[in-house]
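Chemist: protein12.pdb is reproduced below (PDB, C-alpha atoms, pLDDT in the B column).
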ATOM      1  CA  MET M  11     199.645 173.201 -34.753  1.00 37.00           C
ATOM      2  CA  LEU M  12     198.187 170.605 -32.368  1.00 36.00           C
ATOM      3  CA  ALA M  13     196.391 171.377 -29.175  1.00 40.00           C
ATOM      4  CA  VAL M  14     195.209 168.563 -26.953  1.00 39.00           C
ATOM      5  CA  LEU M  15     193.103 169.960 -24.181  1.00 40.00           C
ATOM      6  CA  SER M  16     193.369 168.752 -20.620  1.00 37.00           C
ATOM      7  CA  ALA M  17     190.417 167.674 -18.527  1.00 36.00           C
ATOM      8  CA  GLY M  18     188.343 170.644 -17.470  1.00 33.00           C
ATOM      9  CA  VAL M  19     189.246 172.769 -20.492  1.00 38.00           C
ATOM     10  CA  ALA M  20     186.341 173.442 -22.821  1.00 46.00           C
ATOM     11  CA  ALA M  21     184.158 171.261 -20.624  1.00 55.00           C
ATOM     12  CA  GLU M  22     180.973 172.975 -21.790  1.00 75.00           C
ATOM     13  CA  PRO M  23     179.238 171.116 -24.605  1.00 86.00           C
ATOM     14  CA  ILE M  24     179.493 172.837 -27.967  1.00 90.00           C
ATOM     15  CA  ASP M  25     176.462 173.026 -30.204  1.00 92.00           C
ATOM     16  CA  PHE M  26     175.455 174.564 -33.507  1.00 94.00           C
ATOM     17  CA  GLU M  27     172.739 174.304 -36.107  1.00 96.00           C
ATOM     18  CA  LEU M  28     173.923 174.727 -39.694  1.00 97.00           C
ATOM     19  CA  PRO M  29     172.385 174.021 -43.108  1.00 97.00           C
ATOM     20  CA  ARG M  30     173.542 171.050 -45.140  1.00 97.00           C
ATOM     21  CA  ILE M  31     175.192 171.997 -48.422  1.00 96.00           C
ATOM     22  CA  ASP M  32     173.036 169.446 -50.281  1.00 90.00           C
ATOM     23  CA  GLY M  33     169.901 171.422 -49.380  1.00 89.00           C
ATOM     24  CA  ARG M  34     168.479 168.856 -46.964  1.00 89.00           C
ATOM     25  CA  ALA M  35     167.503 169.894 -43.448  1.00 91.00           C
ATOM     26  CA  PHE M  36     169.754 171.659 -40.996  1.00 96.00           C
ATOM     27  CA  LEU M  37     172.034 169.583 -38.776  1.00 96.00           C
ATOM     28  CA  GLN M  38     171.736 170.228 -35.043  1.00 96.00           C
ATOM     29  CA  LEU M  39     174.956 168.999 -33.459  1.00 95.00           C
ATOM     30  CA  SER M  40     173.269 168.289 -30.115  1.00 94.00           C
ATOM     31  CA  ALA M  41     171.117 165.626 -31.818  1.00 95.00           C
ATOM     32  CA  TYR M  42     174.307 163.505 -31.925  1.00 94.00           C
ATOM     33  CA  ARG M  43     175.421 164.193 -28.345  1.00 92.00           C
ATOM     34  CA  HIS M  44     175.813 160.458 -27.638  1.00 92.00           C
ATOM     35  CA  ARG M  45     178.531 160.139 -30.323  1.00 93.00           C
ATOM     36  CA  PRO M  46     182.036 161.514 -30.641  1.00 94.00           C
ATOM     37  CA  VAL M  47     182.293 164.030 -33.479  1.00 96.00           C
ATOM     38  CA  ILE M  48     185.072 165.290 -35.687  1.00 97.00           C
ATOM     39  CA  VAL M  49     184.392 168.740 -37.128  1.00 98.00           C
ATOM     40  CA  ASN M  50     186.601 169.902 -39.995  1.00 98.00           C
ATOM     41  CA  PHE M  51     186.482 173.532 -41.149  1.00 98.00           C
ATOM     42  CA  TRP M  52     187.577 173.985 -44.762  1.00 98.00           C
ATOM     43  CA  ASP M  53     187.533 176.213 -47.827  1.00 98.00           C
ATOM     44  CA  THR M  54     187.586 175.323 -51.522  1.00 97.00           C
ATOM     45  CA  ASP M  55     190.530 177.704 -52.052  1.00 96.00           C
ATOM     46  CA  CYS M  56     192.652 176.055 -49.347  1.00 97.00           C
ATOM     47  CA  PRO M  57     195.095 173.447 -50.785  1.00 97.00           C
ATOM     48  CA  PRO M  58     195.695 171.644 -47.441  1.00 98.00           C
ATOM     49  CA  CYS M  59     191.909 171.487 -46.915  1.00 98.00           C
ATOM     50  CA  VAL M  60     191.480 169.823 -50.297  1.00 97.00           C
ATOM     51  CA  ARG M  61     194.366 167.379 -49.729  1.00 97.00           C
ATOM     52  CA  GLU M  62     193.023 166.156 -46.385  1.00 98.00           C
ATOM     53  CA  MET M  63     189.437 165.553 -47.529  1.00 98.00           C
ATOM     54  CA  PRO M  64     190.068 162.034 -48.900  1.00 98.00           C
ATOM     55  CA  VAL M  65     191.842 161.147 -45.623  1.00 98.00           C
ATOM     56  CA  LEU M  66     188.859 162.402 -43.621  1.00 98.00           C
ATOM     57  CA  ASP M  67     186.461 160.544 -45.911  1.00 98.00           C
ATOM     58  CA  ARG M  68     188.284 157.211 -45.491  1.00 98.00           C
ATOM     59  CA  PHE M  69     188.539 157.763 -41.734  1.00 98.00           C
ATOM     60  CA  ALA M  70     184.807 158.478 -41.450  1.00 97.00           C
ATOM     61  CA  SER M  71     184.001 155.300 -43.391  1.00 97.00           C
ATOM     62  CA  ALA M  72     186.288 153.255 -41.130  1.00 96.00           C
ATOM     63  CA  HIS M  73     184.755 154.711 -37.929  1.00 95.00           C
ATOM     64  CA  PRO M  74     180.949 154.575 -38.107  1.00 94.00           C
ATOM     65  CA  GLU M  75     180.813 155.100 -34.327  1.00 91.00           C
ATOM     66  CA  LEU M  76     181.628 158.774 -34.816  1.00 93.00           C
ATOM     67  CA  LEU M  77     180.058 161.592 -36.765  1.00 96.00           C
ATOM     68  CA  MET M  78     182.347 163.334 -39.261  1.00 97.00           C
ATOM     69  CA  VAL M  79     181.208 166.815 -40.234  1.00 98.00           C
ATOM     70  CA  GLY M  80     182.752 169.202 -42.734  1.00 98.00           C
ATOM     71  CA  VAL M  81     181.941 172.892 -42.347  1.00 98.00           C
ATOM     72  CA  THR M  82     182.858 175.039 -45.318  1.00 98.00           C
ATOM     73  CA  VAL M  83     183.530 178.744 -45.126  1.00 97.00           C
ATOM     74  CA  SER M  84     183.139 178.969 -48.922  1.00 97.00           C
ATOM     75  CA  PRO M  85     180.000 180.382 -50.565  1.00 96.00           C
ATOM     76  CA  LYS M  86     177.299 177.727 -51.046  1.00 95.00           C
ATOM     77  CA  SER M  87     177.451 177.589 -54.863  1.00 96.00           C
ATOM     78  CA  GLN M  88     181.245 177.360 -54.834  1.00 97.00           C
ATOM     79  CA  ALA M  89     181.167 174.575 -52.218  1.00 97.00           C
ATOM     80  CA  ARG M  90     178.486 172.640 -54.139  1.00 96.00           C
ATOM     81  CA  ASP M  91     180.474 172.867 -57.372  1.00 97.00           C
ATOM     82  CA  PHE M  92     183.606 171.712 -55.559  1.00 97.00           C
ATOM     83  CA  LEU M  93     181.844 168.734 -53.945  1.00 97.00           C
ATOM     84  CA  ASP M  94     180.350 167.725 -57.297  1.00 96.00           C
ATOM     85  CA  VAL M  95     183.915 167.266 -58.571  1.00 95.00           C
ATOM     86  CA  HIS M  96     185.423 166.004 -55.270  1.00 94.00           C
ATOM     87  CA  PRO M  97     182.616 164.113 -53.504  1.00 96.00           C
ATOM     88  CA  VAL M  98     182.904 162.867 -49.940  1.00 97.00           C
ATOM     89  CA  ALA M  99     180.493 160.649 -48.037  1.00 96.00           C
ATOM     90  CA  TYR M 100     180.567 162.511 -44.722  1.00 97.00           C
ATOM     91  CA  VAL M 101     178.143 165.320 -43.872  1.00 97.00           C
ATOM     92  CA  GLN M 102     178.929 168.730 -45.346  1.00 98.00           C
ATOM     93  CA  LEU M 103     177.542 171.909 -43.815  1.00 98.00           C
ATOM     94  CA  LEU M 104     177.552 175.543 -44.805  1.00 97.00           C
ATOM     95  CA  GLY M 105     179.218 177.764 -42.220  1.00 96.00           C
ATOM     96  CA  PRO M 106     177.887 181.210 -41.370  1.00 95.00           C
ATOM     97  CA  ALA M 107     178.645 184.162 -43.669  1.00 90.00           C
ATOM     98  CA  GLU M 108     181.074 185.433 -41.026  1.00 93.00           C
ATOM     99  CA  PRO M 109     182.695 182.246 -39.642  1.00 94.00           C
ATOM    100  CA  ARG M 110     185.199 183.791 -37.190  1.00 93.00           C
ATOM    101  CA  GLY M 111     182.845 183.516 -34.190  1.00 94.00           C
ATOM    102  CA  LEU M 112     182.169 179.850 -34.869  1.00 95.00           C
ATOM    103  CA  LEU M 113     185.844 179.123 -35.474  1.00 96.00           C
ATOM    104  CA  ARG M 114     186.728 180.881 -32.197  1.00 95.00           C
ATOM    105  CA  ARG M 115     184.215 178.689 -30.319  1.00 94.00           C
ATOM    106  CA  PHE M 116     185.992 175.661 -31.811  1.00 95.00           C
ATOM    107  CA  GLY M 117     189.459 176.747 -30.669  1.00 94.00           C
ATOM    108  CA  ASP M 118     190.631 178.669 -33.754  1.00 95.00           C
ATOM    109  CA  PRO M 119     190.797 182.377 -32.809  1.00 94.00           C
ATOM    110  CA  ALA M 120     192.928 183.240 -35.872  1.00 95.00           C
ATOM    111  CA  GLY M 121     190.472 181.650 -38.316  1.00 95.00           C
ATOM    112  CA  ALA M 122     193.233 179.590 -39.969  1.00 96.00           C
ATOM    113  CA  LEU M 123     192.242 176.674 -42.199  1.00 98.00           C
ATOM    114  CA  PRO M 124     191.968 173.783 -42.239  1.00 98.00           C
ATOM    115  CA  HIS M 125     190.941 173.413 -38.615  1.00 98.00           C
ATOM    116  CA  THR M 126     189.871 170.067 -37.160  1.00 98.00           C
ATOM    117  CA  VAL M 127     188.237 169.506 -33.772  1.00 97.00           C
ATOM    118  CA  VAL M 128     187.572 166.234 -31.961  1.00 97.00           C
ATOM    119  CA  LEU M 129     184.582 166.319 -29.622  1.00 96.00           C
ATOM    120  CA  ARG M 130     183.990 163.636 -27.034  1.00 93.00           C
ATOM    121  CA  SER M 131     180.536 162.152 -26.545  1.00 89.00           C
ATOM    122  CA  GLY M 132     178.691 164.995 -24.871  1.00 91.00           C
ATOM    123  CA  HIS M 133     180.543 167.396 -27.195  1.00 93.00           C
ATOM    124  CA  SER M 134     183.244 168.931 -25.070  1.00 94.00           C
ATOM    125  CA  ILE M 135     186.422 169.638 -27.019  1.00 95.00           C
ATOM    126  CA  CYS M 136     189.102 166.990 -26.604  1.00 95.00           C
ATOM    127  CA  ALA M 137     191.605 168.102 -29.266  1.00 96.00           C
ATOM    128  CA  THR M 138     192.120 170.631 -32.031  1.00 97.00           C
ATOM    129  CA  HIS M 139     194.499 170.758 -34.975  1.00 97.00           C
ATOM    130  CA  THR M 140     195.089 173.721 -37.237  1.00 97.00           C
ATOM    131  CA  GLY M 141     196.659 172.627 -40.504  1.00 98.00           C
ATOM    132  CA  GLU M 142     196.428 169.483 -42.589  1.00 98.00           C
ATOM    133  CA  VAL M 143     195.622 166.292 -40.656  1.00 98.00           C
ATOM    134  CA  ASP M 144     196.734 162.801 -41.591  1.00 98.00           C
ATOM    135  CA  GLN M 145     195.555 159.288 -40.764  1.00 97.00           C
ATOM    136  CA  GLN M 146     198.024 158.910 -37.886  1.00 97.00           C
ATOM    137  CA  TRP M 147     196.872 162.109 -36.158  1.00 97.00           C
ATOM    138  CA  LEU M 148     193.227 161.097 -36.543  1.00 97.00           C
ATOM    139  CA  GLU M 149     193.765 157.565 -35.179  1.00 96.00           C
ATOM    140  CA  THR M 150     195.957 158.653 -32.260  1.00 97.00           C
ATOM    141  CA  THR M 151     193.749 161.566 -31.285  1.00 96.00           C
ATOM    142  CA  LEU M 152     190.486 159.659 -31.520  1.00 94.00           C
ATOM    143  CA  GLN M 153     191.915 156.847 -29.393  1.00 93.00           C
ATOM    144  CA  ARG M 154     193.212 159.341 -26.804  1.00 93.00           C
ATOM    145  CA  CYS M 155     189.873 161.138 -26.686  1.00 91.00           C
ATOM    146  CA  LEU M 156     187.837 157.945 -26.379  1.00 85.00           C
ATOM    147  CA  VAL M 157     190.096 156.620 -23.610  1.00 80.00           C
ATOM    148  CA  ALA M 158     189.958 159.963 -21.790  1.00 65.00           C
ATOM    149  CA  ALA M 159     186.149 159.888 -21.950  1.00 60.00           C
ATOM    150  CA  ALA M 160     185.839 156.295 -20.692  1.00 58.00           C
ATOM    151  CA  PRO M 161     184.775 155.895 -17.062  1.00 53.00           C
ATOM    152  CA  GLN M 162     187.600 154.934 -14.745  1.00 44.00           C
ATOM    153  CA  ALA M 163     187.359 151.494 -13.138  1.00 42.00           C
ATOM    154  CA  SER M 164     186.951 151.419  -9.390  1.00 40.00           C
ATOM    155  CA  ASN M 165     189.702 149.727  -7.414  1.00 44.00           C
ATOM    156  CA  GLY M 166     187.333 148.783  -4.609  1.00 43.00           C
ATOM    157  CA  LYS M 167     188.745 151.209  -2.006  1.00 39.00           C
TER     158      LYS M 167
END
How does the structure come out when it is put into structure tokens?

Modeler:
Amino acid sequence: MLAVLSAGVAAEPIDFELPRIDGRAFLQLSAYRHRPVIVNFWDTDCPPCVREMPVLDRFASAHPELLMVGVTVSPKSQARDFLDVHPVAYVQLLGPAEPRGLLRRFGDPAGALPHTVVLRSGHSICATHTGEVDQQWLETTLQRCLVAAAPQASNGK
């Protein structure tokens, strides 16, 4: 399911502060407000979540201008064990014990996984996708969101 939001929808910046799975400091999303962000909600017991992780990892490596963030809804020890076997280079965070409120804020009222959200610089939602993403969706959506966020040129009138 793809939802691309029109201008004016979800215009309020979204923020959160969540712990990193690796035990380092918390990540405050607003600290990266100047960068576009892709947030991917996942679970270790979700086959489409697992299949898309290498795609997200390659995409993050190819696009250093954005911040890629994974947010797991799995218990911390389960997520750590999973990432030890299936490592990714992008930031991994531990979602709250009850993730439905956070998922709702990111356009997923049903709490279905995987759920991916593209935030423009400034962190308003540009697009959401519930279900497995692929390279084409990521490229097309990021381009659309970056173009939509770019200032319009004046025509001199």

Chemist: Which residues would end up in the selection if the PyMOL selection byres ((chain M and resi 78) around 8) were applied here, given that I need the answer as a list in words?

Modeler: Val47, Ile48, Val49, Asn50, Leu66, Ala70, Leu76, Leu77, Val79, Gly80, Tyr100 and Val101 of chain M

Chemist: Once you count all atoms listed in the file, which residues end up no further than 12 Å from (178.8, 172.8, -52.2) in the file's frame, shown as number ranges by chain?

Modeler: M: 29-33, 52-54, 80-98, 101-105

Chemist: On this structure, the PyMOL selection byres ((chain M and resi 39-41) around 6) would catch which residues? List them as a PyMOL selection string, sorted by chain and number.

Modeler: chain M and resi 25-26+38+42-43

Chemist: Restricting the calculation to all atoms listed in the file: of M:Ile24, M:Leu156, M:Leu113, M:Ala99, which residue gets closest to M:Arg68?

Modeler: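 For M:Arg68, the nearest of the given residues is M:Ala99.
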
Chemist: I need the output of the PyMOL selection byres ((chain M and resi 123) around 10) for this file as JSON, numbers by chain; which residues are they?

Modeler: {"M": [50, 51, 52, 53, 56, 57, 58, 59, 83, 113, 118, 120, 121, 122, 124, 125, 126, 139, 140, 141, 142]}

Chemist: Please, what distance in Å, to one decimal, runs between atom CA of M:Ser134 and atom CA of M:Glu22?

Modeler: 5.7 Å

Chemist: Report, as lines of an AutoDock Vina configuration file, the axis-aligned box around all atoms of stretch 72-89 of chain M present in the file, extended by 3 Å on each side; give centre and edge lengths in Å to one decimal place.

Modeler:
center_x = 181.8
center_y = 166.8
center_z = -44.6
size_x = 15.0
size_y = 33.1
size_z = 26.5

Chemist: Take atom CA of M:Glu75 and atom CA of M:Pro46 and report the distance between them in Å, one decimal.

Modeler: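 Atom-to-atom, atom CA of M:Glu75 and atom CA of M:Pro46 are spaced 7.5 Å apart.
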
Chemist: With distances taken over only C-alpha atoms, which residue among M:Val65, M:Ala107, M:Leu28, M:Val60 lies nearest M:Leu148?

Modeler: M:Val65

Chemist: Using all atoms listed in the file, which residue out of M:Leu112, M:Val128, M:Met63, M:Ile135 lies closest to M:Thr150?

Modeler: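 Smallest separation from M:Thr150 among the options: M:Val128.
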
Chemist: Provide stretch 26-52 of chain M rebuilt to N, CA and C atoms, formatted as a PDB file, in the coordinates of the input.

Modeler:
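Final output, saved to rebuild.pdb:
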ATOM      1  N   PHE M  26     175.805 173.649 -32.429  1.00 94.00           N
ATOM      2  CA  PHE M  26     175.455 174.564 -33.507  1.00 94.00           C
ATOM      3  C   PHE M  26     174.357 173.939 -34.326  1.00 94.00           C
ATOM      4  N   GLU M  27     173.714 174.768 -35.124  1.00 96.00           N
ATOM      5  CA  GLU M  27     172.739 174.304 -36.107  1.00 96.00           C
ATOM      6  C   GLU M  27     173.105 174.989 -37.415  1.00 96.00           C
ATOM      7  N   LEU M  28     173.481 174.191 -38.411  1.00 97.00           N
ATOM      8  CA  LEU M  28     173.923 174.727 -39.694  1.00 97.00           C
ATOM      9  C   LEU M  28     173.222 173.982 -40.830  1.00 97.00           C
ATOM     10  N   PRO M  29     173.029 174.674 -41.968  1.00 97.00           N
ATOM     11  CA  PRO M  29     172.385 174.021 -43.108  1.00 97.00           C
ATOM     12  C   PRO M  29     173.339 173.057 -43.812  1.00 97.00           C
ATOM     13  N   ARG M  30     172.769 171.981 -44.318  1.00 97.00           N
ATOM     14  CA  ARG M  30     173.542 171.050 -45.140  1.00 97.00           C
ATOM     15  C   ARG M  30     173.739 171.672 -46.521  1.00 97.00           C
ATOM     16  N   ILE M  31     174.899 171.456 -47.099  1.00 96.00           N
ATOM     17  CA  ILE M  31     175.192 171.997 -48.422  1.00 96.00           C
ATOM     18  C   ILE M  31     174.271 171.382 -49.469  1.00 96.00           C
ATOM     19  N   ASP M  32     173.862 170.128 -49.284  1.00 90.00           N
ATOM     20  CA  ASP M  32     173.036 169.446 -50.281  1.00 90.00           C
ATOM     21  C   ASP M  32     171.581 169.919 -50.270  1.00 90.00           C
ATOM     22  N   GLY M  33     171.253 170.872 -49.399  1.00 89.00           N
ATOM     23  CA  GLY M  33     169.901 171.422 -49.380  1.00 89.00           C
ATOM     24  C   GLY M  33     168.942 170.696 -48.464  1.00 89.00           C
ATOM     25  N   ARG M  34     169.357 169.547 -47.917  1.00 89.00           N
ATOM     26  CA  ARG M  34     168.479 168.856 -46.964  1.00 89.00           C
ATOM     27  C   ARG M  34     168.404 169.681 -45.682  1.00 89.00           C
ATOM     28  N   ALA M  35     167.740 169.170 -44.697  1.00 91.00           N
ATOM     29  CA  ALA M  35     167.503 169.894 -43.448  1.00 91.00           C
ATOM     30  C   ALA M  35     168.802 170.341 -42.778  1.00 91.00           C
ATOM     31  N   PHE M  36     168.640 171.223 -41.815  1.00 96.00           N
ATOM     32  CA  PHE M  36     169.754 171.659 -40.996  1.00 96.00           C
ATOM     33  C   PHE M  36     170.261 170.488 -40.160  1.00 96.00           C
ATOM     34  N   LEU M  37     171.497 170.563 -39.716  1.00 96.00           N
ATOM     35  CA  LEU M  37     172.034 169.583 -38.776  1.00 96.00           C
ATOM     36  C   LEU M  37     172.212 170.289 -37.441  1.00 96.00           C
ATOM     37  N   GLN M  38     171.586 169.743 -36.417  1.00 96.00           N
ATOM     38  CA  GLN M  38     171.736 170.228 -35.043  1.00 96.00           C
ATOM     39  C   GLN M  38     172.733 169.301 -34.366  1.00 96.00           C
ATOM     40  N   LEU M  39     173.895 169.829 -34.023  1.00 95.00           N
ATOM     41  CA  LEU M  39     174.956 168.999 -33.459  1.00 95.00           C
ATOM     42  C   LEU M  39     174.505 168.264 -32.199  1.00 95.00           C
ATOM     43  N   SER M  40     173.699 168.913 -31.369  1.00 94.00           N
ATOM     44  CA  SER M  40     173.269 168.289 -30.115  1.00 94.00           C
ATOM     45  C   SER M  40     172.424 167.037 -30.340  1.00 94.00           C
ATOM     46  N   ALA M  41     171.880 166.844 -31.520  1.00 95.00           N
ATOM     47  CA  ALA M  41     171.117 165.626 -31.818  1.00 95.00           C
ATOM     48  C   ALA M  41     172.022 164.391 -31.830  1.00 95.00           C
ATOM     49  N   TYR M  42     173.327 164.605 -31.884  1.00 94.00           N
ATOM     50  CA  TYR M  42     174.307 163.505 -31.925  1.00 94.00           C
ATOM     51  C   TYR M  42     175.168 163.501 -30.671  1.00 94.00           C
ATOM     52  N   ARG M  43     174.655 164.028 -29.587  1.00 92.00           N
ATOM     53  CA  ARG M  43     175.421 164.193 -28.345  1.00 92.00           C
ATOM     54  C   ARG M  43     175.987 162.877 -27.816  1.00 92.00           C
ATOM     55  N   HIS M  44     175.368 161.763 -28.127  1.00 92.00           N
ATOM     56  CA  HIS M  44     175.813 160.458 -27.638  1.00 92.00           C
ATOM     57  C   HIS M  44     177.017 159.922 -28.416  1.00 92.00           C
ATOM     58  N   ARG M  45     177.439 160.624 -29.470  1.00 93.00           N
ATOM     59  CA  ARG M  45     178.531 160.139 -30.323  1.00 93.00           C
ATOM     60  C   ARG M  45     179.700 161.123 -30.317  1.00 93.00           C
ATOM     61  N   PRO M  46     180.916 160.608 -30.403  1.00 94.00           N
ATOM     62  CA  PRO M  46     182.036 161.514 -30.641  1.00 94.00           C
ATOM     63  C   PRO M  46     181.897 162.106 -32.044  1.00 94.00           C
ATOM     64  N   VAL M  47     182.422 163.313 -32.210  1.00 96.00           N
ATOM     65  CA  VAL M  47     182.293 164.030 -33.479  1.00 96.00           C
ATOM     66  C   VAL M  47     183.636 164.620 -33.868  1.00 96.00           C
ATOM     67  N   ILE M  48     183.938 164.552 -35.149  1.00 97.00           N
ATOM     68  CA  ILE M  48     185.072 165.290 -35.687  1.00 97.00           C
ATOM     69  C   ILE M  48     184.494 166.353 -36.603  1.00 97.00           C
ATOM     70  N   VAL M  49     184.840 167.609 -36.322  1.00 98.00           N
ATOM     71  CA  VAL M  49     184.392 168.740 -37.128  1.00 98.00           C
ATOM     72  C   VAL M  49     185.613 169.289 -37.853  1.00 98.00           C
ATOM     73  N   ASN M  50     185.499 169.394 -39.176  1.00 98.00           N
ATOM     74  CA  ASN M  50     186.601 169.902 -39.995  1.00 98.00           C
ATOM     75  C   ASN M  50     186.129 171.141 -40.742  1.00 98.00           C
ATOM     76  N   PHE M  51     186.780 172.279 -40.468  1.00 98.00           N
ATOM     77  CA  PHE M  51     186.482 173.532 -41.149  1.00 98.00           C
ATOM     78  C   PHE M  51     187.395 173.635 -42.369  1.00 98.00           C
ATOM     79  N   TRP M  52     186.806 173.978 -43.525  1.00 98.00           N
ATOM     80  CA  TRP M  52     187.577 173.985 -44.762  1.00 98.00           C
ATOM     81  C   TRP M  52     187.070 175.047 -45.728  1.00 98.00           C
TER      82      TRP M  52
END
